[in-house]
$ cat structure-v9.pdb   # PDB, C-alpha atoms
ATOM      1  CA  MET A   1      71.905 107.899  97.174
ATOM      2  CA  LEU A   2      73.924 110.347  99.256
ATOM      3  CA  PRO A   3      75.788 113.557  98.418
ATOM      4  CA  THR A   4      79.565 113.113  98.429
ATOM      5  CA  PHE A   5      82.243 115.665  99.275
ATOM      6  CA  ARG A   6      84.770 115.708  96.403
ATOM      7  CA  PRO A   7      87.399 118.462  96.896
ATOM      8  CA  ASP A   8      89.885 117.350  94.219
ATOM      9  CA  LYS A   9      90.196 120.860  92.783
ATOM     10  CA  ALA A  10      91.080 122.151  96.236
ATOM     11  CA  LEU A  11      94.301 120.129  96.086
ATOM     12  CA  ASN A  12      95.329 121.196  92.586
ATOM     13  CA  PHE A  13      98.528 122.853  93.812
ATOM     14  CA  GLY A  14     100.382 121.975  90.621
ATOM     15  CA  ASP A  15      98.260 124.376  88.559
ATOM     16  CA  PRO A  16      98.234 127.887  90.109
ATOM     17  CA  GLU A  17      95.763 129.271  87.578
ATOM     18  CA  ALA A  18      93.205 126.497  88.048
ATOM     19  CA  LEU A  19      93.693 126.554  91.820
ATOM     20  CA  GLY A  20      93.233 130.326  91.883
ATOM     21  CA  THR A  21      89.956 130.051  89.992
ATOM     22  CA  TYR A  22      88.757 127.386  92.427
ATOM     23  CA  LEU A  23      89.817 129.353  95.513
ATOM     24  CA  ASP A  24      88.000 132.432  94.241
ATOM     25  CA  ARG A  25      84.828 130.356  93.983
ATOM     26  CA  LEU A  26      85.503 128.837  97.406
ATOM     27  CA  GLU A  27      85.791 132.322  98.890
ATOM     28  CA  GLU A  28      82.389 133.189  97.452
ATOM     29  CA  ALA A  29      80.754 129.948  98.601
ATOM     30  CA  SER A  30      82.209 130.160 102.118
ATOM     31  CA  ASP A  31      81.794 133.936 102.406
ATOM     32  CA  SER A  32      85.389 134.294 103.550
ATOM     33  CA  GLU A  33      88.764 135.588 102.406
ATOM     34  CA  ILE A  34      91.456 133.007 101.642
ATOM     35  CA  SER A  35      94.771 134.691 102.346
ATOM     36  CA  SER A  36      96.679 131.907 104.110
ATOM     37  CA  PHE A  37      96.748 128.138 104.514
ATOM     38  CA  THR A  38      94.766 128.496 107.746
ATOM     39  CA  THR A  39      91.976 130.530 106.121
ATOM     40  CA  TYR A  40      91.972 128.064 103.203
ATOM     41  CA  ILE A  41      91.337 125.178 105.623
ATOM     42  CA  ASP A  42      88.688 127.231 107.432
ATOM     43  CA  ALA A  43      86.882 127.818 104.129
ATOM     44  CA  LEU A  44      86.967 124.109 103.306
ATOM     45  CA  ARG A  45      85.692 123.307 106.790
ATOM     46  CA  SER A  46      82.714 125.611 106.271
ATOM     47  CA  ARG A  47      81.821 123.740 103.080
ATOM     48  CA  HIS A  48      82.363 120.431 104.894
ATOM     49  CA  THR A  49      79.810 121.613 107.460
ATOM     50  CA  CYS A  50      77.385 122.580 104.700
ATOM     51  CA  PHE A  51      77.678 119.143 103.107
ATOM     52  CA  HIS A  52      77.223 117.443 106.487
ATOM     53  CA  GLU A  53      74.026 119.390 107.109
ATOM     54  CA  ALA A  54      72.812 118.288 103.659
ATOM     55  CA  GLY A  55      73.215 114.634 104.666
ATOM     56  CA  CYS A  56      76.698 113.940 103.298
ATOM     57  CA  ARG A  57      78.568 111.187 105.142
ATOM     58  CA  LEU A  58      81.218 110.241 102.555
ATOM     59  CA  ALA A  59      84.108 111.991 100.870
ATOM     60  CA  ASP A  60      85.895 110.962  97.696
ATOM     61  CA  HIS A  61      89.460 111.839  96.724
ATOM     62  CA  ALA A  62      91.091 110.986  93.388
ATOM     63  CA  LEU A  63      94.843 110.467  93.744
ATOM     64  CA  VAL A  64      97.430 109.216  91.292
ATOM     65  CA  VAL A  65      99.834 108.629  94.195
ATOM     66  CA  PRO A  66      98.836 109.327  97.817
ATOM     67  CA  PRO A  67     100.801 112.390  98.964
ATOM     68  CA  TYR A  68     103.006 112.108 102.005
ATOM     69  CA  ARG A  69     105.755 114.674 102.404
ATOM     70  CA  PRO A  70     105.330 116.278 105.837
ATOM     71  CA  ALA A  71     106.781 119.710 106.568
ATOM     72  CA  SER A  72     106.608 122.450 109.177
ATOM     73  CA  GLU A  73     103.626 124.775 109.458
ATOM     74  CA  LYS A  74     105.869 127.668 108.423
ATOM     75  CA  THR A  75     106.909 125.866 105.246
ATOM     76  CA  VAL A  76     103.307 124.983 104.421
ATOM     77  CA  ASP A  77     102.193 128.588 104.939
ATOM     78  CA  THR A  78     105.014 129.919 102.765
ATOM     79  CA  LEU A  79     104.275 127.505  99.933
ATOM     80  CA  PHE A  80     100.558 128.229 100.057
ATOM     81  CA  ASN A  81     101.158 131.972  99.840
ATOM     82  CA  ARG A  82     103.434 131.432  96.844
ATOM     83  CA  VAL A  83     100.941 129.316  94.893
ATOM     84  CA  ARG A  84      98.074 131.614  95.903
ATOM     85  CA  GLY A  85     100.110 134.417  94.366
ATOM     86  CA  GLY A  86     100.300 132.516  91.086
ATOM     87  CA  GLU A  87     103.770 131.001  91.429
ATOM     88  CA  THR A  88     104.408 127.516  90.031
ATOM     89  CA  LEU A  89     105.787 125.076  92.615
ATOM     90  CA  ASP A  90     108.087 122.133  92.001
ATOM     91  CA  THR A  91     106.984 118.526  92.524
ATOM     92  CA  ALA A  92     108.244 118.253  96.118
ATOM     93  CA  GLU A  93     106.581 121.532  97.081
ATOM     94  CA  VAL A  94     103.275 120.396  95.575
ATOM     95  CA  GLU A  95     103.528 117.166  97.585
ATOM     96  CA  ILE A  96     104.101 119.127 100.803
ATOM     97  CA  LEU A  97     100.975 121.219 100.304
ATOM     98  CA  SER A  98      98.919 118.234  99.162
ATOM     99  CA  THR A  99      99.964 116.271 102.237
ATOM    100  CA  ALA A 100      99.082 119.073 104.644
ATOM    101  CA  ALA A 101      95.739 119.770 102.973
ATOM    102  CA  LEU A 102      94.669 116.135 102.737
ATOM    103  CA  GLN A 103      95.628 115.557 106.377
ATOM    104  CA  GLU A 104      93.445 118.470 107.468
ATOM    105  CA  ILE A 105      90.527 117.300 105.348
ATOM    106  CA  ALA A 106      90.888 113.735 106.670
ATOM    107  CA  ARG A 107      90.724 115.092 110.218
ATOM    108  CA  MET A 108      87.430 116.763 109.315
ATOM    109  CA  HIS A 109      86.124 113.400 108.092
ATOM    110  CA  ALA A 110      87.226 111.677 111.298
ATOM    111  CA  ASP A 111      85.750 114.338 113.566
ATOM    112  CA  ARG A 112      82.342 113.981 111.891
ATOM    113  CA  GLY A 113      82.414 110.198 111.517
ATOM    114  CA  TRP A 114      82.505 110.346 107.718
ATOM    115  CA  VAL A 115      83.870 107.692 105.382
ATOM    116  CA  MET A 116      86.952 108.710 103.383
ATOM    117  CA  GLN A 117      87.174 107.108  99.940
ATOM    118  CA  LEU A 118      90.505 107.122  98.101
ATOM    119  CA  HIS A 119      90.480 106.287  94.389
ATOM    120  CA  ILE A 120      94.138 105.727  93.561
ATOM    121  CA  GLY A 121      96.064 105.145  90.371
ATOM    122  CA  ALA A 122      94.370 106.741  87.357
ATOM    123  CA  LEU A 123      96.813 108.264  84.868
ATOM    124  CA  ARG A 124      94.693 110.902  83.191
ATOM    125  CA  ASN A 125      94.899 112.636  79.815
ATOM    126  CA  GLY A 126      97.847 110.663  78.510
ATOM    127  CA  ASN A 127      97.199 111.684  74.892
ATOM    128  CA  THR A 128      98.060 115.385  74.698
ATOM    129  CA  ARG A 129      96.719 115.885  71.177
ATOM    130  CA  MET A 130      93.322 114.454  72.061
ATOM    131  CA  TYR A 131      93.260 116.321  75.357
ATOM    132  CA  GLN A 132      93.782 119.587  73.502
ATOM    133  CA  GLN A 133      91.139 118.630  70.960
ATOM    134  CA  LEU A 134      88.445 117.216  73.283
ATOM    135  CA  GLY A 135      89.384 118.198  76.828
ATOM    136  CA  PRO A 136      89.591 116.047  79.982
ATOM    137  CA  ASP A 137      87.595 112.895  80.767
ATOM    138  CA  THR A 138      87.073 111.910  77.141
ATOM    139  CA  GLY A 139      88.492 108.391  77.208
ATOM    140  CA  TYR A 140      92.264 108.921  77.139
ATOM    141  CA  ASP A 141      93.083 107.793  80.673
ATOM    142  CA  SER A 142      94.868 104.629  81.784
ATOM    143  CA  ILE A 143      96.037 102.620  84.793
ATOM    144  CA  ALA A 144      99.126 104.055  86.495
ATOM    145  CA  SER A 145     101.914 101.879  87.884
ATOM    146  CA  ASN A 146     103.380 104.055  90.641
ATOM    147  CA  ALA A 147     104.603 102.941  94.061
ATOM    148  CA  ILE A 148     101.753 103.874  96.402
ATOM    149  CA  ILE A 149     102.172 101.797  99.574
ATOM    150  CA  ALA A 150     104.915 103.732 101.397
ATOM    151  CA  PRO A 151     103.230 107.160 101.085
ATOM    152  CA  LEU A 152      99.818 105.668 101.852
ATOM    153  CA  ALA A 153     101.221 104.036 104.995
ATOM    154  CA  GLY A 154     102.823 107.310 106.074
ATOM    155  CA  PHE A 155      99.587 109.209 105.509
ATOM    156  CA  PHE A 156      97.504 106.704 107.478
ATOM    157  CA  ASP A 157     100.047 106.559 110.303
ATOM    158  CA  SER A 158     100.182 110.347 110.662
ATOM    159  CA  LEU A 159      96.436 110.349 111.356
ATOM    160  CA  GLU A 160      96.429 107.175 113.445
ATOM    161  CA  LYS A 161      98.948 108.745 115.843
ATOM    162  CA  GLU A 162      96.294 111.360 116.628
ATOM    163  CA  SER A 163      93.427 108.843 116.710
ATOM    164  CA  ARG A 164      91.929 110.785 113.779
ATOM    165  CA  LEU A 165      92.161 108.251 110.969
ATOM    166  CA  PRO A 166      88.631 108.130 109.523
ATOM    167  CA  LYS A 167      86.802 105.096 108.231
ATOM    168  CA  THR A 168      88.467 104.554 104.877
ATOM    169  CA  ILE A 169      87.779 102.705 101.632
ATOM    170  CA  VAL A 170      90.723 102.407  99.241
ATOM    171  CA  TYR A 171      90.068 101.660  95.564
ATOM    172  CA  PRO A 172      93.336 100.840  93.760
ATOM    173  CA  LEU A 173      92.940 101.051  89.995
ATOM    174  CA  ASN A 174      95.998  98.872  89.439
ATOM    175  CA  PRO A 175      95.149  95.256  90.415
ATOM    176  CA  ALA A 176      98.831  94.736  91.242
ATOM    177  CA  ASP A 177      98.171  96.955  94.269
ATOM    178  CA  PHE A 178      95.321  94.841  95.675
ATOM    179  CA  TYR A 179      97.430  92.576  97.897
ATOM    180  CA  PRO A 180      99.783  95.332  99.144
ATOM    181  CA  VAL A 181      96.858  97.660  99.937
ATOM    182  CA  ALA A 182      94.822  94.904 101.618
ATOM    183  CA  SER A 183      97.753  93.979 103.847
ATOM    184  CA  LEU A 184      98.365  97.637 104.731
ATOM    185  CA  LEU A 185      94.727  98.182 105.655
ATOM    186  CA  GLY A 186      94.981  95.311 108.124
ATOM    187  CA  SER A 187      97.568  97.323 110.064
ATOM    188  CA  PHE A 188      95.063 100.115 110.735
ATOM    189  CA  GLN A 189      91.882  98.263 111.647
ATOM    190  CA  GLY A 190      90.360  98.867 115.061
ATOM    191  CA  GLN A 191      88.779 101.582 117.202
ATOM    192  CA  GLY A 192      85.775  99.306 117.698
ATOM    193  CA  ILE A 193      84.647  99.755 114.077
ATOM    194  CA  PRO A 194      84.177  96.414 112.267
ATOM    195  CA  GLY A 195      85.855  96.586 108.868
ATOM    196  CA  LYS A 196      86.977 100.165 109.463
ATOM    197  CA  MET A 197      89.561 100.012 106.664
ATOM    198  CA  GLN A 198      88.146  98.575 103.438
ATOM    199  CA  LEU A 199      89.592  97.315 100.161
ATOM    200  CA  GLY A 200      87.081  98.834  97.759
ATOM    201  CA  SER A 201      85.362  97.087  94.892
ATOM    202  CA  GLY A 202      86.797  96.963  91.386
ATOM    203  CA  TRP A 203      86.201 100.244  89.530
ATOM    204  CA  TRP A 204      86.707 101.816  86.110
ATOM    205  CA  PHE A 205      88.926  99.410  84.142
ATOM    206  CA  LEU A 206      88.307  96.732  86.814
ATOM    207  CA  ASP A 207      84.538  97.166  86.802
ATOM    208  CA  GLN A 208      84.113  93.843  84.993
ATOM    209  CA  LYS A 209      83.890  90.159  85.878
ATOM    210  CA  ASP A 210      87.602  89.373  86.172
ATOM    211  CA  GLY A 211      88.339  92.577  88.094
ATOM    212  CA  MET A 212      85.465  92.087  90.528
ATOM    213  CA  GLU A 213      86.298  88.435  91.096
ATOM    214  CA  TYR A 214      89.952  89.200  91.744
ATOM    215  CA  GLN A 215      89.063  91.893  94.290
ATOM    216  CA  LEU A 216      86.748  89.460  96.103
ATOM    217  CA  LYS A 217      89.427  86.756  96.145
ATOM    218  CA  VAL A 218      92.097  89.086  97.533
ATOM    219  CA  LEU A 219      89.752  90.371 100.209
ATOM    220  CA  ALA A 220      88.673  86.852 101.159
ATOM    221  CA  ASN A 221      92.304  85.689 101.301
ATOM    222  CA  ILE A 222      93.812  88.519 103.302
ATOM    223  CA  GLY A 223      90.884  90.360 104.906
ATOM    224  CA  LEU A 224      87.362  89.557 106.035
ATOM    225  CA  LEU A 225      84.867  89.169 103.212
ATOM    226  CA  SER A 226      81.847  89.153 105.528
ATOM    227  CA  ARG A 227      82.544  92.804 106.498
ATOM    228  CA  PHE A 228      82.848  94.028 102.903
ATOM    229  CA  VAL A 229      80.659  97.039 102.072
ATOM    230  CA  GLY A 230      80.137  95.898  98.489
ATOM    231  CA  MET A 231      79.714  97.724  95.210
ATOM    232  CA  LEU A 232      79.489 101.461  94.709
ATOM    233  CA  THR A 233      78.169 103.670  91.947
ATOM    234  CA  ASP A 234      79.709 107.114  91.578
ATOM    235  CA  SER A 235      78.415 107.704  88.083
ATOM    236  CA  ARG A 236      75.947 110.429  87.206
ATOM    237  CA  SER A 237      74.228 108.083  84.751
ATOM    238  CA  PHE A 238      71.217 106.007  85.785
ATOM    239  CA  LEU A 239      72.354 103.441  83.224
ATOM    240  CA  SER A 240      75.296 102.619  85.506
ATOM    241  CA  TYR A 241      73.126 101.262  88.333
ATOM    242  CA  PRO A 242      72.785  97.734  86.887
ATOM    243  CA  ARG A 243      76.414  97.215  87.942
ATOM    244  CA  HIS A 244      75.033  96.483  91.426
ATOM    245  CA  GLU A 245      73.043  93.531  90.093
ATOM    246  CA  TYR A 246      76.083  92.459  88.071
ATOM    247  CA  PHE A 247      78.197  92.584  91.240
ATOM    248  CA  ARG A 248      75.664  90.580  93.260
ATOM    249  CA  ARG A 249      75.608  87.844  90.629
ATOM    250  CA  ILE A 250      79.409  87.698  90.610
ATOM    251  CA  LEU A 251      79.495  87.575  94.424
ATOM    252  CA  CYS A 252      76.959  84.739  94.571
ATOM    253  CA  ASN A 253      78.741  82.823  91.806
ATOM    254  CA  TYR A 254      82.065  83.191  93.646
ATOM    255  CA  LEU A 255      80.622  81.881  96.908
ATOM    256  CA  GLY A 256      78.825  79.084  95.067
ATOM    257  CA  SER A 257      82.073  77.980  93.434
ATOM    258  CA  LEU A 258      83.735  77.780  96.870
ATOM    259  CA  VAL A 259      80.873  75.619  98.116
ATOM    260  CA  GLU A 260      81.249  73.268  95.156
ATOM    261  CA  LEU A 261      84.970  72.974  95.903
ATOM    262  CA  GLY A 262      84.231  72.187  99.520
ATOM    263  CA  GLU A 263      86.173  75.226 100.720
ATOM    264  CA  ILE A 264      83.305  76.832 102.638
ATOM    265  CA  PRO A 265      80.199  75.306 104.281
ATOM    266  CA  ASP A 266      77.183  74.427 102.148
ATOM    267  CA  ASP A 267      74.990  76.519 104.430
ATOM    268  CA  TYR A 268      72.371  78.530 102.575
ATOM    269  CA  ARG A 269      71.309  80.502 105.651
ATOM    270  CA  LEU A 270      74.879  81.444 106.570
ATOM    271  CA  LEU A 271      75.945  82.389 103.046
ATOM    272  CA  GLY A 272      72.623  84.042 102.246
ATOM    273  CA  SER A 273      73.024  86.258 105.289
ATOM    274  CA  MET A 274      76.559  87.173 104.156
ATOM    275  CA  VAL A 275      75.321  88.112 100.690
ATOM    276  CA  GLU A 276      72.588  90.281 102.195
ATOM    277  CA  ASP A 277      75.116  92.012 104.444
ATOM    278  CA  ILE A 278      77.608  92.680 101.637
ATOM    279  CA  SER A 279      74.853  93.830  99.285
ATOM    280  CA  TYR A 280      73.062  96.124 101.722
ATOM    281  CA  HIS A 281      73.385  95.938 105.509
ATOM    282  CA  ASN A 282      77.150  96.440 105.874
ATOM    283  CA  ILE A 283      77.296  99.757 104.049
ATOM    284  CA  ILE A 284      74.296 101.100 105.982
ATOM    285  CA  LYS A 285      75.969 100.277 109.297
ATOM    286  CA  TYR A 286      79.355 101.460 108.071
ATOM    287  CA  ILE A 287      78.129 104.875 106.981
ATOM    288  CA  GLY A 288      75.908 105.139 110.043
ATOM    289  CA  ILE A 289      72.610 106.125 108.440
ATOM    290  CA  ASP A 290      69.010 105.082 108.909
ATOM    291  CA  ALA A 291      67.525 103.183 105.983
TER     292      ALA A 291
END
$ encode --input "structure-v9.pdb" --output "structure tokens"
Amino acid sequence: MLPTFRPDKALNFGDPEALGTYLDRLEEASDSEISSFTTYIDALRSRHTCFHEAGCRLADHALVVPPYRPASEKTVDTLFNRVRGGETLDTAEVEILSTAALQEIARMHADRGWVMQLHIGALRNGNTRMYQQLGPDTGYDSIASNAIIAPLAGFFDSLEKESRLPKTIVYPLNPADFYPVASLLGSFQGQGIPGKMQLGSGWWFLDQKDGMEYQLKVLANIGLLSRFVGMLTDSRSFLSYPRHEYFRRILCNYLGSLVELGEIPDDYRLLGSMVEDISYHNIIKYIGIDA
């Protein structure tokens, strides 16, 4: 297990009150004053450093739609000062700030060799009455159906131009996005990092047999299954860990079915080595840790 950097609240530019509360806490944690976009990024960078020193090598970002609406530094500064002052921004203005902030955070990941994880496509708190009664994360979320490829491509490309696109795992919650995302990731592989851009395992509503199998099939069809970093567990419950065994059984069953169909070699040593890599070795090498 490793600590993970999860700054979702730092990008909550659509809710000035919640953002203000978070920034006040960030000021305290970073021992700094946040009075501009630059000082905001500096404060986040100090926490990024703290997490790195604690052994963190992965970040996780929850996005409904990846933001990509670039703007000038002056515009970004002006918008940040407005929301820091408690003003509510419109949708386009929120996207501008979210884009600038996520770009800066991604550069931090790249500079330190971290893995950036993007969980995309969860429509949260759809039932207002139950949200007001029970609060967030109480079972009233669903799969979103937004167009994510164009902004995701723009975001990746903006970092690739600087050679500061970090190792990235993308987890689409909508299975309709698997093929588009997998094809997009193929456009940004490279820099001498095998499997640098990864189509992540099925999660949440897809964390079941059909969802896992479909993700494996898409990856095998359009990517390179042997470089897959396998299943993850981001739950705080120890009862969630058996999903790794569940995943391994599904992986082995999938490969076994291909052998029976004559679509891949009946080579126990070759396939056994692939299963071992996907289940353990690939993620260790990918993160870059000793284990």
$ atom_distance --input "structure-v9.pdb" --atom1 "CA of Gln133 (chain A)" --atom2 "CA of Ala10 (chain A)"
25.5 Å
$ closest_residue --input "structure-v9.pdb" --among "A:Ala18, A:Leu261, A:Met1, A:Ile193" --to "Val83 (chain A)" --atoms "all atoms listed in the file"
A:Ala18
$ resolve_selection --input "structure-v9.pdb" --expression "the PyMOL selection byres ((chain A and resi 145-161) around 6)" --output "MDAnalysis selection string"
chainID A and resid 65:66 68 144 162:165
$ resolve_selection --input "structure-v9.pdb" --expression "the PyMOL selection byres ((chain A and resi 275) around 10)" --output "VMD selection string"
chain A and resid 225 to 226 228 230 248 251 to 252 255 269 to 274 276 to 282
$ resolve_selection --input "structure-v9.pdb" --expression "the PyMOL selection byres ((chain A and resi 73) around 12)" --output "list in words"
Ser36, Phe37, Thr38, Pro70, Ala71, Ser72, Lys74, Thr75, Val76, Asp77, Thr78, Leu79, Phe80, Ile96, Leu97, Thr99, Ala100 and Ala101 of chain A
